[in-house]
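A.B. asks: Sharing final15.txt, compact mmCIF, C-alpha atoms:
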# COMPACT_ATOMS: atom_id res chain seq x y z
CA MET A 4 80.82 -191.84 22.96
CA THR A 5 84.17 -191.05 21.30
CA GLN A 6 85.03 -194.77 21.19
CA LYS A 7 81.68 -195.54 19.47
CA ILE A 8 82.34 -192.88 16.81
CA ARG A 9 85.85 -194.23 16.16
CA PHE A 10 84.51 -197.78 15.90
CA SER A 11 81.81 -196.74 13.45
CA LEU A 12 84.31 -194.88 11.26
CA LEU A 13 86.62 -197.89 11.27
CA ALA A 14 83.79 -200.25 10.33
CA CYS A 15 82.74 -198.00 7.45
CA THR A 16 86.32 -197.77 6.19
CA VAL A 17 86.65 -201.55 6.18
CA LEU A 18 83.39 -201.93 4.29
CA LEU A 19 84.43 -199.36 1.69
CA LEU A 20 87.79 -201.04 1.19
CA ASN A 21 86.13 -204.42 0.74
CA ALA A 22 83.64 -202.97 -1.74
CA CYS A 23 86.40 -201.30 -3.78
CA GLY A 24 88.43 -204.45 -3.87
CA LYS A 25 85.58 -206.68 -4.92
CA GLU A 26 85.72 -207.72 -8.60
CA GLU A 27 82.60 -208.30 -10.67
CA PRO A 28 82.38 -211.83 -12.09
CA PHE A 29 83.61 -212.07 -15.71
CA THR A 30 80.94 -213.05 -18.22
CA GLU A 31 82.36 -214.69 -21.32
CA ILE A 32 80.76 -213.66 -24.61
CA LYS A 33 79.39 -216.78 -26.25
CA LEU A 34 79.78 -216.72 -30.02
CA ALA A 35 77.21 -218.65 -32.03
CA GLU A 36 78.53 -221.61 -33.99
CA GLY A 37 77.54 -225.07 -35.07
CA THR A 38 76.84 -227.59 -37.78
CA LYS A 39 73.28 -227.79 -39.06
CA THR A 40 71.33 -230.07 -41.38
CA ALA A 41 68.33 -228.74 -43.29
CA GLU A 42 65.77 -231.53 -43.12
CA MET A 43 63.96 -230.72 -46.35
CA GLY A 44 63.34 -234.37 -47.19
CA SER A 45 64.35 -236.32 -50.27
CA ASP A 46 61.45 -234.80 -52.24
CA TYR A 47 62.14 -231.25 -50.91
CA ALA A 48 58.78 -231.30 -49.14
CA ASN A 49 59.89 -228.89 -46.37
CA GLN A 50 61.18 -225.35 -46.03
CA VAL A 51 63.60 -224.91 -43.12
CA TYR A 52 64.17 -221.51 -41.49
CA PHE A 53 67.38 -220.95 -39.49
CA ASP A 54 68.17 -218.36 -36.82
CA LEU A 55 71.98 -218.40 -36.64
CA SER A 56 72.31 -216.45 -33.40
CA GLU A 57 69.99 -218.86 -31.56
CA GLY A 58 71.01 -221.99 -33.46
CA THR A 59 67.36 -222.89 -34.08
CA ALA A 60 65.51 -224.33 -37.06
CA VAL A 61 61.78 -224.15 -37.93
CA VAL A 62 60.44 -226.69 -40.44
CA ARG A 63 57.34 -225.94 -42.53
CA PRO A 64 55.68 -228.06 -45.26
CA ALA A 65 56.31 -226.47 -48.67
CA ASN A 66 52.77 -227.35 -49.73
CA SER A 67 51.15 -225.55 -46.79
CA TRP A 68 50.71 -222.26 -48.67
CA ASP A 69 49.96 -220.83 -52.10
CA LEU A 70 50.02 -217.02 -51.79
CA ALA A 71 51.89 -214.74 -49.38
CA PHE A 72 50.69 -211.20 -48.67
CA GLN A 73 53.09 -208.47 -47.58
CA SER A 74 52.37 -207.63 -43.95
CA SER A 75 53.85 -204.12 -43.84
CA GLY A 76 55.69 -201.64 -46.02
CA GLY A 77 53.71 -202.45 -49.17
CA THR A 78 51.10 -204.74 -50.68
CA ALA A 79 53.15 -207.21 -52.71
CA VAL A 80 51.82 -210.74 -53.24
CA ARG A 81 54.16 -213.70 -53.67
CA SER A 82 53.54 -217.16 -55.10
CA ASN A 83 55.19 -220.35 -53.87
CA PHE A 84 58.19 -221.34 -56.00
CA ALA A 85 59.10 -223.98 -53.39
CA LYS A 86 56.53 -226.27 -55.01
CA LYS A 87 56.70 -224.91 -58.60
CA ALA A 88 53.60 -222.76 -58.25
CA GLY A 89 53.36 -220.15 -60.99
CA VAL A 90 50.95 -217.46 -62.13
CA TYR A 91 49.30 -216.37 -65.40
CA THR A 92 47.88 -212.86 -65.79
CA VAL A 93 44.72 -213.09 -67.92
CA THR A 94 42.86 -210.49 -69.96
CA THR A 95 39.36 -211.80 -69.29
CA ASP A 96 37.30 -210.87 -66.25
CA PHE A 97 36.93 -213.23 -63.30
CA ALA A 98 33.67 -214.89 -64.37
CA SER A 99 34.83 -215.36 -67.97
CA THR A 100 38.15 -216.97 -67.01
CA THR A 101 37.55 -220.70 -67.49
CA GLN A 102 40.71 -222.02 -69.17
CA VAL A 103 44.42 -222.27 -68.38
CA PRO A 104 46.30 -219.90 -70.71
CA THR A 105 48.73 -221.52 -73.14
CA THR A 106 51.45 -218.92 -72.58
CA GLY A 107 52.59 -216.41 -69.98
CA LEU A 108 53.32 -218.58 -66.94
CA LYS A 109 55.61 -216.71 -64.52
CA TYR A 110 57.43 -217.69 -61.34
CA ASP A 111 58.60 -215.38 -58.57
CA ASP A 112 62.26 -214.39 -58.77
CA ILE A 113 64.29 -216.17 -56.08
CA SER A 114 66.06 -212.93 -55.19
CA LEU A 115 62.83 -212.13 -53.26
CA ASP A 116 62.88 -208.73 -54.95
CA LEU A 117 59.26 -207.63 -54.61
CA ALA A 118 59.47 -205.82 -57.94
CA LYS A 119 59.96 -209.24 -59.56
CA THR A 120 56.97 -211.23 -58.35
CA ALA A 121 54.79 -213.18 -60.78
CA VAL A 122 51.68 -211.33 -59.59
CA GLY A 123 53.13 -207.83 -59.82
CA ASP A 124 50.66 -204.95 -59.53
CA TRP A 125 47.45 -206.81 -58.74
CA GLN A 126 44.94 -203.95 -58.88
CA GLY A 127 42.09 -204.70 -61.27
CA LYS A 128 43.67 -207.94 -62.56
CA THR A 129 42.57 -211.55 -62.74
CA TYR A 130 45.03 -214.44 -62.44
CA VAL A 131 45.18 -218.17 -62.97
CA ILE A 132 47.52 -219.92 -60.54
CA ASN A 133 49.18 -223.25 -61.19
CA LEU A 134 49.17 -224.62 -57.65
CA GLY A 135 52.34 -226.59 -58.28
CA LEU A 136 53.39 -230.10 -57.39
CA ASN A 137 53.04 -232.27 -54.29
CA PRO A 138 55.67 -233.30 -53.43
CA PRO A 139 57.70 -230.60 -55.22
CA THR A 140 59.96 -233.01 -57.10
CA SER A 141 57.10 -235.18 -58.35
CA ALA A 142 54.82 -234.92 -61.38
CA VAL A 143 51.68 -234.85 -59.21
CA SER A 144 49.85 -231.64 -60.10
CA LEU A 145 47.75 -229.81 -57.52
CA GLY A 146 45.66 -228.24 -60.26
CA PHE A 147 44.64 -224.67 -61.01
CA LYS A 148 42.52 -221.90 -59.55
CA LYS A 149 41.63 -218.36 -60.58
CA PHE A 150 41.90 -215.42 -58.21
CA ARG A 151 41.72 -211.66 -57.78
CA VAL A 152 43.02 -209.49 -54.98
CA GLU A 153 40.05 -207.16 -54.58
CA GLY A 154 41.75 -204.71 -52.28
CA PHE A 155 43.67 -203.92 -49.09
CA SER A 156 42.18 -201.84 -46.30
CA ASN A 157 42.49 -201.58 -42.52
CA GLY A 158 45.18 -204.24 -42.37
CA LYS A 159 43.20 -206.80 -44.38
CA TYR A 160 43.46 -208.12 -47.93
CA THR A 161 40.26 -209.14 -49.72
CA LEU A 162 40.82 -212.20 -51.90
CA ARG A 163 38.37 -213.76 -54.35
CA TYR A 164 39.11 -217.19 -55.80
CA ALA A 165 37.44 -220.23 -57.35
CA ASN A 166 37.95 -223.28 -59.51
CA LEU A 167 38.21 -222.49 -63.21
CA ASP A 168 34.65 -223.72 -63.78
CA GLY A 169 33.41 -221.25 -61.17
CA THR A 170 32.69 -223.80 -58.47
CA GLU A 171 33.85 -223.39 -54.86
CA GLU A 172 34.03 -219.61 -55.25
CA LYS A 173 35.01 -217.77 -52.08
CA THR A 174 35.71 -214.20 -51.03
CA VAL A 175 37.77 -213.97 -47.86
CA GLU A 176 39.37 -211.28 -45.75
CA ILE A 177 42.97 -211.97 -44.76
CA PRO A 178 44.21 -209.96 -41.75
CA VAL A 179 47.96 -209.42 -41.91
CA ASN A 180 50.26 -210.67 -39.18
CA PRO A 181 52.40 -207.65 -38.21
CA LYS A 182 55.00 -209.91 -36.58
CA THR A 183 56.00 -211.59 -39.85
CA ASN A 184 57.19 -210.23 -43.19
CA PHE A 185 54.33 -211.95 -45.01
CA THR A 186 50.98 -213.48 -44.18
CA TYR A 187 50.50 -216.86 -45.84
CA PHE A 188 47.29 -218.30 -47.27
CA SER A 189 46.34 -221.75 -48.55
CA LEU A 190 43.86 -221.73 -51.44
CA LEU A 191 43.50 -225.50 -51.10
CA ASN A 192 42.53 -225.29 -47.42
CA ASN A 193 40.94 -221.82 -47.37
CA ALA A 194 43.04 -220.81 -44.38
CA VAL A 195 45.77 -218.51 -43.13
CA VAL A 196 48.76 -220.65 -42.15
CA ASP A 197 51.94 -220.21 -40.11
CA VAL A 198 55.02 -220.38 -42.33
CA GLU A 199 57.92 -218.03 -41.64
CA PRO A 200 59.05 -217.21 -38.07
CA GLU A 201 58.78 -213.68 -36.74
CA LYS A 202 60.62 -211.00 -38.72
CA GLY A 203 63.89 -210.91 -36.80
CA LYS A 204 63.95 -214.58 -35.89
CA TRP A 205 65.27 -216.09 -39.09
CA ASP A 206 68.33 -215.39 -41.24
CA ILE A 207 68.31 -218.06 -43.95
CA VAL A 208 65.81 -220.55 -45.31
CA ALA A 209 66.54 -223.84 -47.07
CA THR A 210 63.84 -224.22 -49.70
CA GLY A 211 62.92 -225.57 -53.06
CA ILE A 212 63.48 -222.99 -55.80
CA THR A 213 61.92 -223.10 -59.27
CA GLN A 214 64.67 -222.60 -61.83
CA PRO A 215 65.17 -223.11 -65.59
CA GLY A 216 66.33 -226.64 -66.39
CA GLY A 217 65.29 -230.26 -66.20
CA GLY A 218 64.43 -230.62 -69.89
CA PRO A 219 64.31 -228.80 -73.23
CA PRO A 220 64.51 -224.99 -73.41
CA GLY A 221 61.66 -223.41 -71.49
CA SER A 222 61.54 -226.19 -68.88
CA TYR A 223 61.66 -225.52 -65.15
CA VAL A 224 62.67 -227.73 -62.24
CA VAL A 225 62.63 -227.50 -58.44
CA SER A 226 66.16 -227.40 -57.00
CA VAL A 227 67.61 -226.87 -53.53
CA GLY A 228 68.53 -223.33 -52.58
CA PHE A 229 69.35 -221.24 -49.52
CA LEU A 230 67.81 -217.76 -49.40
CA THR A 231 68.38 -214.96 -46.90
CA ASN A 232 65.99 -212.65 -45.08
CA ARG A 233 66.43 -209.53 -47.21
CA PHE A 234 63.26 -208.07 -45.70
CA GLU A 235 65.12 -207.54 -42.40
CA GLY A 236 68.32 -206.35 -44.09
CA VAL A 237 70.33 -209.59 -43.89
CA GLN A 238 73.39 -209.26 -46.12
CA VAL A 239 75.71 -211.84 -47.71
CA ALA A 240 79.26 -211.61 -49.03
CA VAL A 241 81.14 -214.42 -50.76
CA HIS A 242 84.78 -215.46 -50.74
CA ASN A 243 85.21 -217.52 -53.91
CA PRO A 244 88.72 -218.75 -54.77
CA ALA A 245 87.38 -220.06 -58.09
CA ALA A 246 85.63 -216.88 -59.18
CA GLY A 247 87.40 -216.92 -62.55
CA LEU A 248 86.30 -220.44 -63.48
CA ALA A 249 83.29 -221.19 -65.66
CA ALA A 250 80.32 -223.10 -64.28
CA SER A 251 80.10 -226.64 -65.61
CA ASP A 252 78.53 -230.00 -64.83
CA LEU A 253 81.44 -231.91 -66.37
CA PRO A 254 83.36 -233.90 -63.75
CA THR A 255 86.64 -232.93 -65.44
CA ALA A 256 85.91 -229.19 -65.52
CA PRO A 257 88.40 -227.05 -63.54
CA ILE A 258 85.69 -225.70 -61.21
CA ASN A 259 84.80 -229.25 -60.17
CA ASN A 260 88.38 -230.06 -59.28
CA VAL A 261 89.22 -227.16 -56.97
CA ALA A 262 90.79 -228.55 -53.80
CA SER A 263 89.12 -228.01 -50.43
CA THR A 264 92.43 -226.60 -49.23
CA GLU A 265 91.79 -223.52 -51.39
CA SER A 266 89.19 -222.43 -48.84
CA LYS A 267 90.00 -219.40 -46.67
CA TYR A 268 87.28 -220.25 -44.18
CA ASP A 269 89.66 -220.62 -41.24
CA VAL A 270 91.39 -217.27 -41.76
CA LEU A 271 88.56 -214.95 -42.80
CA THR A 272 87.69 -212.34 -40.17
CA LYS A 273 84.88 -209.90 -39.54
CA ALA A 274 86.95 -207.19 -41.23
CA ASP A 275 86.74 -209.11 -44.51
CA PHE A 276 82.95 -208.83 -44.69
CA GLN A 277 82.76 -205.28 -46.07
CA ALA A 278 85.78 -205.83 -48.33
CA LEU A 279 83.85 -208.62 -50.09
CA SER A 280 81.01 -206.28 -51.16
CA PRO A 281 77.97 -207.68 -49.30
CA SER A 282 74.51 -207.66 -50.89
CA THR A 283 70.90 -207.93 -49.68
CA ASP A 284 69.95 -210.06 -52.72
CA ALA A 285 68.32 -213.09 -51.06
CA SER A 286 69.67 -215.48 -53.71
CA ILE A 287 73.40 -214.78 -53.32
CA ILE A 288 73.83 -218.21 -51.74
CA GLY A 289 71.02 -219.84 -53.71
CA LYS A 290 72.32 -223.01 -55.37
CA SER A 291 75.81 -221.62 -55.98
CA TRP A 292 77.34 -224.03 -53.46
CA TRP A 293 76.60 -227.24 -55.37
CA GLN A 294 76.56 -228.77 -58.84
CA ILE A 295 75.10 -232.03 -60.10
CA LEU A 296 77.69 -233.73 -62.28
CA GLN A 297 77.15 -235.69 -65.47
CA PRO A 298 75.63 -238.15 -65.91
CA HIS A 299 72.80 -236.57 -63.89
CA ALA A 300 71.02 -239.90 -63.48
CA GLN A 301 73.73 -240.97 -61.02
CA ALA A 302 72.79 -238.08 -58.69
CA ASN A 303 76.42 -237.21 -57.99
CA TYR A 304 76.36 -233.82 -56.27
CA LYS A 305 79.55 -231.80 -55.97
CA VAL A 306 79.64 -229.49 -52.93
CA TYR A 307 81.88 -226.44 -53.28
CA ASP A 308 83.21 -226.52 -49.72
CA TRP A 309 85.95 -224.06 -50.71
CA LYS A 310 83.39 -221.25 -50.95
CA THR A 311 82.81 -219.18 -47.83
CA TYR A 312 79.64 -217.17 -47.31
CA MET A 313 79.71 -214.31 -44.81
CA ILE A 314 76.33 -213.31 -43.39
CA GLN A 315 75.38 -210.23 -41.40
CA ASP A 316 72.07 -210.60 -39.57
CA ALA A 317 69.51 -207.93 -38.67
CA GLU A 318 71.34 -207.21 -35.41
CA GLY A 319 74.67 -206.63 -37.16
CA ARG A 320 76.23 -209.91 -36.02
CA VAL A 321 78.50 -211.47 -38.66
CA TYR A 322 78.98 -215.18 -39.36
CA LYS A 323 81.00 -217.22 -41.82
CA MET A 324 79.41 -220.30 -43.33
CA LYS A 325 80.39 -223.17 -45.62
CA PHE A 326 78.49 -226.15 -46.95
CA LEU A 327 79.57 -229.66 -46.07
CA THR A 328 77.19 -232.11 -47.77
CA PHE A 329 74.26 -232.20 -50.18
CA LYS A 330 73.00 -235.60 -49.11
CA GLY A 331 72.21 -236.92 -45.65
CA GLY A 332 69.35 -238.11 -43.52
CA PRO A 333 68.58 -241.70 -42.53
CA ASN A 334 69.04 -243.05 -46.06
CA VAL A 335 71.76 -240.63 -47.24
CA THR A 336 69.56 -239.00 -49.86
CA SER A 337 69.41 -235.54 -51.37
CA GLY A 338 67.32 -233.04 -49.46
CA TYR A 339 69.40 -233.05 -46.29
CA PRO A 340 72.13 -230.46 -46.96
CA SER A 341 74.45 -229.57 -44.09
CA PHE A 342 76.57 -226.54 -43.31
CA GLN A 343 78.98 -225.23 -40.70
CA TYR A 344 78.93 -221.68 -39.36
CA ASN A 345 80.92 -219.59 -36.90
CA GLU A 346 80.17 -216.14 -35.54
CA LEU A 347 82.97 -213.59 -35.87
CA GLN A 348 83.94 -210.86 -33.41
Would you kindly transcribe this structure into C-alpha cells?
C.D. replies:
Amino acid sequence: MTQKIRFSLLACTVLLLNACGKEEPFTEIKLAEGTKTAEMGSDYANQVYFDLSEGTAVVRPANSWDLAFQSSGGTAVRSNFAKKAGVYTVTTDFASTTQVPTTGLKYDDISLDLAKTAVGDWQGKTYVINLGLNPPTSAVSLGFKKFRVEGFSNGKYTLRYANLDGTEEKTVEIPVNPKTNFTYFSLLNNAVVDVEPEKGKWDIVATGITQPGGGPPGSYVVSVGFLTNRFEGVQVAVHNPAAGLAASDLPTAPINNVASTESKYDVLTKADFQALSPSTDASIIGKSWWQILQPHAQANYKVYDWKTYMIQDAEGRVYKMKFLTFKGGPNVTSGYPSFQYNELQ
C-alpha cells in the first residue's frame, strides 16, 4: 500500500513538472498590408468599398441607386453624386410640379456631412431630382423625376415619386436595413438595392464625386475620389511634405515637381497619427492625391506619391496609405487607381 502511494505521488509530480515546463505555441500577430486597385472602370461606372483589415473589396454599379435613406441615428436622405445626380427644392406642391427648375440645383457635399445634403430637411417639401448620367463620365442623361418623403415611422420611410408629367406615380414603403449606414433605393427600378457593405466592414470607398469644373464657371464634372466611412468614426490624418505649395495644373509648378523621395511613408509610425491632427471628414483624401496636368486633353495624371494618408478604422487599427497610379486595368486607362497600405503597431 505504501509503495502504491509513493508511486502515485511520483507520477503526479512528474505530470505537474511537465505541465509547468510546457510552453504555449507562439501566435504571430498578422498586420494587414497590401496593394489594391480600385476597379471603377474607365467611365467611373463602379463604386468600390475597401475593408483594410480584411483586404477585401466590394464593387457596386454607381447607377444602381438614386436616393439613400439613413438607417439609424437620424432621417437624412442622400443623393448620388457618383453619377452627377442632383436635387432641386421646389415651391409648388407635388401635383403641380411639372417642370425642371431653371436654378437651384444642389449636389451632396462629398464630406458626407449629413447637414450638407442636397435634400436637407425633407418634411413637407417637394423635390425634382436630376437622375444623373449613365455612365457617369458621359453626356447620357437619365432624366428627371419628382419626389416627396412623406414620413418615417416604425423603421420605414414612405416615398412618393413620379415622372414630371405625373405618369408612373408610386408610393412605396422602404424598410431600413439596420446593418448598413444607409438603405439605398433606385427610382428607375422601384427597388431597394444592396450598395454599401455592413457598417463596420468598410473603411474607404473609391467613387465618382461631383465637383466644380469641366467648363465655364458654374459647371460640374465627375472626378475620382476616395472617401472614408465617417459614419463609423473612421479618421484620416495626412503627412504632406508639400503643404506650403499652391495647387496647380501646370506641369512646371513646384507642387508637380516634388520628388517621390520627399515621402516619409517608410518612417511614419503609429505615434505620428495623433500628431498629424486626424479628422472624420470623409473627403480628407478625396482627390487630393492626384492632378490632371495641362493640356487636359492629353489625360496626363500626376499622382502625389509623396503624400501619406494615415487611417484609423472603427476598431482603432491604424494604417498608412499612399497612392501609386491613377491609370491601370487591361488597357491602362483612368478609373483603375491603385494604392499601397500597411498596418502599424
A.B. asks: Go through A:Asn184, A:Thr311, A:Gln73, A:Thr213 one by one, measure the shortest atom-to-atom distance of each to A:Lys109 using all atoms listed in the file, and give the residue with the smallest value.
C.D. replies: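 When distances to A:Lys109 are compared using all atoms listed in the file, the smallest one comes from A:Thr213.
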A.B. asks: Which residues are near A:Gln294? Cut-off 9 Å, all atoms listed in the file, ignore same chain within fewer than 3 positions. Put them as a list in words.
C.D. replies: Ala250, Ser251, Asp252, Asn259, Lys290, Ser291, Asn303, Tyr304, Lys305, Val306 and Tyr307 of chain A
A.B. asks: Tell me which residues come within 8 Å of (73.3, -226.4, -43.9), as a PDB file with C-alpha atoms, in the coordinates of the input, counting all atoms listed in the file in the file's coordinates.
C.D. replies:
ATOM      1  CA  THR A  38      76.840-227.590 -37.780  1.00  0.00           C
ATOM      2  CA  LYS A  39      73.280-227.790 -39.060  1.00  0.00           C
ATOM      3  CA  THR A  40      71.330-230.070 -41.380  1.00  0.00           C
ATOM      4  CA  ALA A  41      68.330-228.740 -43.290  1.00  0.00           C
ATOM      5  CA  ALA A 209      66.540-223.840 -47.070  1.00  0.00           C
ATOM      6  CA  LYS A 325      80.390-223.170 -45.620  1.00  0.00           C
ATOM      7  CA  PHE A 326      78.490-226.150 -46.950  1.00  0.00           C
ATOM      8  CA  LEU A 327      79.570-229.660 -46.070  1.00  0.00           C
ATOM      9  CA  THR A 328      77.190-232.110 -47.770  1.00  0.00           C
ATOM     10  CA  PRO A 340      72.130-230.460 -46.960  1.00  0.00           C
ATOM     11  CA  SER A 341      74.450-229.570 -44.090  1.00  0.00           C
ATOM     12  CA  PHE A 342      76.570-226.540 -43.310  1.00  0.00           C
ATOM     13  CA  GLN A 343      78.980-225.230 -40.700  1.00  0.00           C
TER      14      GLN A 343
END
A.B. asks: Which residues of stretch 79-100 of chain A come within 8 Å of stretch 218-225 of chain A, and what is each one's closest atom pair and distance in Å (one decimal), counting only C-alpha atoms, sorted by chain and residue number, as a Markdown table?
C.D. replies:
| residue | atom | partner | partner_atom | distance |
| --- | --- | --- | --- | --- |
| A:Phe84 | CA | A:Val225 | CA | 8.0 |
| A:Ala85 | CA | A:Val225 | CA | 7.1 |
| A:Lys86 | CA | A:Val225 | CA | 7.1 |
| A:Lys87 | CA | A:Val225 | CA | 6.5 |
A.B. asks: Which residues of stretch 24-73 of chain A have any atom within 12 Å of an atom in stretch 164-177 of chain A when counting only C-alpha atoms, and what is the closest pair of atoms for each, with the distance in Å to one decimal? Order the rows by chain and rising number and write it as a Markdown table.
C.D. replies:
| residue | atom | partner | partner_atom | distance |
| --- | --- | --- | --- | --- |
| A:Leu70 | CA | A:Ile177 | CA | 11.2 |
| A:Ala71 | CA | A:Ile177 | CA | 10.4 |
| A:Phe72 | CA | A:Ile177 | CA | 8.7 |
| A:Gln73 | CA | A:Ile177 | CA | 11.1 |
A.B. asks: Have a look at A:Ile212, A:Ile32, A:Leu230, A:Ile132 and name the one nearest to A:Pro104; count all atoms listed in the file.
C.D. replies: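 Smallest separation from A:Pro104 among the options: A:Ile132.
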A.B. asks: If you measure from atom CA of A:Val198 to atom CA of A:Asn157, what distance in Å do you get, rounded to one decimal?
C.D. replies: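 Value for the atom CA of A:Val198-atom CA of A:Asn157 distance: 22.6 Å.
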